[in-house]
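Participant: Structure supplied as input-v8.pdb; contents: PDB, C-alpha atoms and all ligand atoms.
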ATOM      1  CA  MET H   1     -28.491 -37.393  -1.494
ATOM      2  CA  ASN H   2     -31.952 -37.993  -0.093
ATOM      3  CA  ASN H   3     -34.618 -35.317  -0.032
ATOM      4  CA  ASN H   4     -34.298 -34.591   3.704
ATOM      5  CA  LEU H   5     -30.579 -33.993   3.364
ATOM      6  CA  LYS H   6     -31.179 -31.751   0.349
ATOM      7  CA  SER H   7     -33.722 -29.717   2.326
ATOM      8  CA  VAL H   8     -31.323 -29.283   5.237
ATOM      9  CA  ALA H   9     -28.539 -28.244   2.856
ATOM     10  CA  ILE H  10     -30.784 -25.706   1.112
ATOM     11  CA  ILE H  11     -31.908 -24.229   4.447
ATOM     12  CA  ALA H  12     -28.327 -24.026   5.701
ATOM     13  CA  ILE H  13     -27.083 -22.353   2.515
ATOM     14  CA  SER H  14     -30.029 -19.922   2.582
ATOM     15  CA  ALA H  15     -29.246 -19.015   6.180
ATOM     16  CA  ILE H  16     -25.590 -18.403   5.331
ATOM     17  CA  ILE H  17     -26.541 -16.181   2.368
ATOM     18  CA  ALA H  18     -29.111 -14.241   4.422
ATOM     19  CA  THR H  19     -26.593 -13.700   7.225
ATOM     20  CA  SER H  20     -23.943 -12.552   4.745
ATOM     21  CA  ILE H  21     -26.335 -10.048   3.178
ATOM     22  CA  TYR H  22     -27.366  -8.764   6.614
ATOM     23  CA  VAL H  23     -23.745  -8.309   7.703
ATOM     24  CA  ALA H  24     -22.761  -6.654   4.409
ATOM     25  CA  ARG H  25     -25.665  -4.199   4.592
ATOM     26  CA  ASN H  26     -24.889  -3.219   8.148
ATOM     27  CA  GLN H  27     -21.228  -2.688   7.319
ATOM     28  CA  ASN H  28     -22.055  -0.485   4.336
ATOM     29  CA  ASN H  29     -24.887   1.523   5.862
ATOM     30  CA  ASP H  30     -22.666   3.995   7.622
ATOM     31  CA  ILE H  31     -20.367   5.624   5.091
ATOM     32  CA  ARG H  32     -19.562   8.640   7.258
ATOM     33  CA  THR H  33     -15.915   9.422   7.863
ATOM     34  CA  GLN H  34     -14.514   9.115  11.384
ATOM     35  CA  GLU H  35     -14.341  12.926  11.457
ATOM     36  CA  GLN H  36     -18.065  13.134  10.646
ATOM     37  CA  LYS H  37     -18.905  10.459  13.228
ATOM     38  CA  ASP H  38     -16.960  12.363  15.902
ATOM     39  CA  PHE H  39     -18.739  15.583  14.922
ATOM     40  CA  ASP H  40     -22.167  13.932  14.991
ATOM     41  CA  SER H  41     -21.392  12.453  18.428
ATOM     42  CA  ARG H  42     -20.413  15.915  19.667
ATOM     43  CA  ILE H  43     -23.640  17.451  18.386
ATOM     44  CA  GLU H  44     -25.664  14.572  19.820
ATOM     45  CA  ALA H  45     -24.018  15.094  23.224
ATOM     46  CA  ASP H  46     -24.826  18.815  23.001
ATOM     47  CA  ARG H  47     -28.418  17.953  22.146
ATOM     48  CA  ASP H  48     -28.631  15.663  25.167
ATOM     49  CA  ASP H  49     -27.447  18.605  27.280
ATOM     50  CA  GLY H  50     -30.271  20.765  25.931
ATOM     51  CA  GLY H  51     -28.624  21.943  22.725
ATOM     52  CA  TYR H  52     -25.967  24.513  22.053
ATOM     53  CA  ASP H  53     -25.994  27.299  19.478
ATOM     54  CA  TYR H  54     -22.449  27.610  18.189
ATOM     55  CA  ASP H  55     -21.238  30.935  16.901
ATOM     56  CA  CYS H  56     -17.913  32.286  15.663
ATOM     57  CA  SER H  57     -16.617  33.030  19.156
ATOM     58  CA  ASP H  58     -16.737  29.309  19.962
ATOM     59  CA  PHE H  59     -13.751  28.636  17.700
ATOM     60  CA  LYS H  60     -10.089  29.440  18.203
ATOM     61  CA  THR H  61      -9.221  29.672  14.516
ATOM     62  CA  ARG H  62     -10.988  30.339  11.245
ATOM     63  CA  GLN H  63     -10.003  26.847  10.078
ATOM     64  CA  GLU H  64     -11.624  25.290  13.149
ATOM     65  CA  ALA H  65     -14.815  27.243  12.413
ATOM     66  CA  LEU H  66     -14.638  26.270   8.748
ATOM     67  CA  ASP H  67     -14.224  22.574   9.582
ATOM     68  CA  PHE H  68     -17.203  22.806  11.924
ATOM     69  CA  PHE H  69     -19.262  24.616   9.271
ATOM     70  CA  ARG H  70     -18.433  21.939   6.678
ATOM     71  CA  LEU H  71     -19.222  19.041   9.044
ATOM     72  CA  ALA H  72     -22.521  20.676  10.019
ATOM     73  CA  GLY H  73     -23.511  20.620   6.337
ATOM     74  CA  GLY H  74     -22.280  23.957   5.060
ATOM     75  CA  PRO H  75     -22.569  25.721   2.810
ATOM     76  CA  ARG H  76     -25.875  24.092   1.776
ATOM     77  CA  ASN H  77     -26.953  23.652   5.372
ATOM     78  CA  ASP H  78     -25.923  26.189   8.022
ATOM     79  CA  PRO H  79     -27.871  25.285  11.171
ATOM     80  CA  TYR H  80     -25.745  27.569  13.382
ATOM     81  CA  GLY H  81     -25.832  30.612  11.137
ATOM     82  CA  LEU H  82     -22.053  30.915  10.768
ATOM     83  CA  ASP H  83     -22.680  32.299   7.282
ATOM     84  CA  GLY H  84     -25.651  34.541   7.964
ATOM     85  CA  ASP H  85     -25.555  36.282   4.561
ATOM     86  CA  GLU H  86     -25.147  32.949   2.746
ATOM     87  CA  ASP H  87     -22.231  34.027   0.590
ATOM     88  CA  GLY H  88     -20.196  30.951   1.497
ATOM     89  CA  VAL H  89     -17.790  32.922   3.709
ATOM     90  CA  ILE H  90     -18.165  32.297   7.425
ATOM     91  CA  CYS H  91     -17.529  34.694  10.302
ATOM     92  CA  GLU H  92     -16.531  37.642   8.059
ATOM     93  CA  ASN H  93     -16.968  40.144  10.836
ATOM     94  CA  PHE H  94     -15.074  38.125  13.383
ATOM     95  CA  SER H  95     -11.327  38.319  13.985
ATOM     96  CA  PHE H  96      -9.782  35.087  15.137
TER      97      PHE H  96
HETATM   98 CA    CA H 101     -20.978  35.160   5.004
END
Could you write out this file's structure as structure tokens?
Ligand SMILES: [Ca+2]
Facilitator:
Amino acid sequence: MNNNLKSVAIIAISAIIATSIYVARNQNNDIRTQEQKDFDSRIEADRDDGGYDYDCSDFKTRQEALDFFRLAGGPRNDPYGLDGDEDGVICENFSF
């Protein structure tokens, strides 16, 4: 194999490796579940509409509120104040 052919082969192999790494990184970057992606899309759409402050009356069931709370980052992060006293129990004073 002459030197020019070796150079072309090395460049081609390098390009294949670089492309593979790029594709692999982009596939692994987003490890969110589909449920989390749907939630994030919902919040993003709300934000585009000027934002919306969810509270307990926005949910039909306690489980729906709990799922929302968890997806929003609860109990560590409670951006909508569903657990105002931070005891890990949401909407205590609300009857669903
Ligand atoms: Ca609470």
Participant: With ligand CA 101 (chain H) as the partner and 12 Å as the cut-off, tabulate the residues of chain H that qualify, each row holding the nearest pair of atoms and their distance in Å to one decimal, using only C-alpha atoms and all ligand atoms, sorted by chain and rising number, as a Markdown table.
Facilitator:
| residue | atom | partner | partner_atom | distance |
| --- | --- | --- | --- | --- |
| H:Cys56 | CA | H:CA101 | CA | 11.5 |
| H:Leu66 | CA | H:CA101 | CA | 11.5 |
| H:Phe69 | CA | H:CA101 | CA | 11.5 |
| H:Gly74 | CA | H:CA101 | CA | 11.3 |
| H:Pro75 | CA | H:CA101 | CA | 9.8 |
| H:Asp78 | CA | H:CA101 | CA | 10.7 |
| H:Gly81 | CA | H:CA101 | CA | 9.0 |
| H:Leu82 | CA | H:CA101 | CA | 7.2 |
| H:Asp83 | CA | H:CA101 | CA | 4.0 |
| H:Gly84 | CA | H:CA101 | CA | 5.6 |
| H:Asp85 | CA | H:CA101 | CA | 4.7 |
| H:Glu86 | CA | H:CA101 | CA | 5.2 |
| H:Asp87 | CA | H:CA101 | CA | 4.7 |
| H:Gly88 | CA | H:CA101 | CA | 5.5 |
| H:Val89 | CA | H:CA101 | CA | 4.1 |
| H:Ile90 | CA | H:CA101 | CA | 4.7 |
| H:Cys91 | CA | H:CA101 | CA | 6.3 |
| H:Glu92 | CA | H:CA101 | CA | 5.9 |
| H:Asn93 | CA | H:CA101 | CA | 8.7 |
| H:Phe94 | CA | H:CA101 | CA | 10.7 |
Participant: What does the distance between CA of Arg62 in chain H and CA of Asp30 in chain H come to in Å, to one decimal place?
Facilitator: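 If I compute the distance from CA of Arg62 in chain H to CA of Asp30 in chain H, I get 29.0 Å.
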Participant: Using only C-alpha atoms for the distances, tell me which of H:Ile11, H:Ala65, H:Ala72, H:Ile31 is nearest to Ser95 in chain H.
Facilitator: H:Ala65
Participant: Translate the PyMOL selection byres (((chain H and resi 32-49) around 10) and not hetatm) into a concrete residue list for this structure, as a PyMOL selection string.
Facilitator: chain H and resi 28-31+50-53+67-68+70-72
Participant: So, counting only C-alpha atoms, which residue among H:Ser7, H:Ile13, H:Tyr80, H:Gly73 is closest to Tyr54 in chain H?
Facilitator: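 For Tyr54 in chain H, the nearest of the candidates is H:Tyr80.
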Participant: Work out how far CA of Ala15 in chain H is from CA of Asn2 in chain H, in Å to one decimal.
Facilitator: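 Atom-to-atom, CA of Asn2 in chain H and CA of Ala15 in chain H are spaced 20.2 Å apart.
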Participant: Can you tell me how far CA of Asn77 in chain H sits from CA of Gln63 in chain H, in Å to one decimal?
Facilitator: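 Separation of CA of Asn77 in chain H and CA of Gln63 in chain H: 17.9 Å.
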Participant: Assuming the input is short of atoms at range 34-46 of chain H, produce N, CA and C atoms for that part as a PDB file, in the coordinates of the input.
Facilitator:
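out.pdb written:
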ATOM      1  N   GLN H  34     -14.683   9.078   9.923  1.00  0.00           N
ATOM      2  CA  GLN H  34     -14.514   9.115  11.384  1.00  0.00           C
ATOM      3  C   GLN H  34     -14.675  10.551  11.889  1.00  0.00           C
ATOM      4  N   GLU H  35     -14.203  11.510  11.090  1.00  0.00           N
ATOM      5  CA  GLU H  35     -14.341  12.926  11.457  1.00  0.00           C
ATOM      6  C   GLU H  35     -15.818  13.305  11.574  1.00  0.00           C
ATOM      7  N   GLN H  36     -16.632  12.826  10.623  1.00  0.00           N
ATOM      8  CA  GLN H  36     -18.065  13.134  10.646  1.00  0.00           C
ATOM      9  C   GLN H  36     -18.744  12.431  11.820  1.00  0.00           C
ATOM     10  N   LYS H  37     -18.333  11.195  12.094  1.00  0.00           N
ATOM     11  CA  LYS H  37     -18.905  10.459  13.228  1.00  0.00           C
ATOM     12  C   LYS H  37     -18.600  11.177  14.542  1.00  0.00           C
ATOM     13  N   ASP H  38     -17.344  11.642  14.677  1.00  0.00           N
ATOM     14  CA  ASP H  38     -16.960  12.363  15.902  1.00  0.00           C
ATOM     15  C   ASP H  38     -17.777  13.646  16.037  1.00  0.00           C
ATOM     16  N   PHE H  39     -17.946  14.346  14.910  1.00  0.00           N
ATOM     17  CA  PHE H  39     -18.739  15.583  14.922  1.00  0.00           C
ATOM     18  C   PHE H  39     -20.178  15.289  15.320  1.00  0.00           C
ATOM     19  N   ASP H  40     -20.774  14.276  14.698  1.00  0.00           N
ATOM     20  CA  ASP H  40     -22.167  13.932  14.991  1.00  0.00           C
ATOM     21  C   ASP H  40     -22.337  13.536  16.456  1.00  0.00           C
ATOM     22  N   SER H  41     -21.345  12.829  17.010  1.00  0.00           N
ATOM     23  CA  SER H  41     -21.392  12.453  18.428  1.00  0.00           C
ATOM     24  C   SER H  41     -21.353  13.698  19.313  1.00  0.00           C
ATOM     25  N   ARG H  42     -20.526  14.660  18.913  1.00  0.00           N
ATOM     26  CA  ARG H  42     -20.413  15.915  19.667  1.00  0.00           C
ATOM     27  C   ARG H  42     -21.747  16.657  19.663  1.00  0.00           C
ATOM     28  N   ILE H  43     -22.365  16.739  18.488  1.00  0.00           N
ATOM     29  CA  ILE H  43     -23.640  17.451  18.386  1.00  0.00           C
ATOM     30  C   ILE H  43     -24.729  16.706  19.157  1.00  0.00           C
ATOM     31  N   GLU H  44     -24.688  15.387  19.090  1.00  0.00           N
ATOM     32  CA  GLU H  44     -25.664  14.572  19.820  1.00  0.00           C
ATOM     33  C   GLU H  44     -25.513  14.783  21.322  1.00  0.00           C
ATOM     34  N   ALA H  45     -24.266  14.852  21.794  1.00  0.00           N
ATOM     35  CA  ALA H  45     -24.018  15.094  23.224  1.00  0.00           C
ATOM     36  C   ALA H  45     -24.529  16.476  23.626  1.00  0.00           C
ATOM     37  N   ASP H  46     -24.305  17.464  22.735  1.00  0.00           N
ATOM     38  CA  ASP H  46     -24.826  18.815  23.001  1.00  0.00           C
ATOM     39  C   ASP H  46     -26.345  18.775  23.103  1.00  0.00           C
TER      40      ASP H  46
END
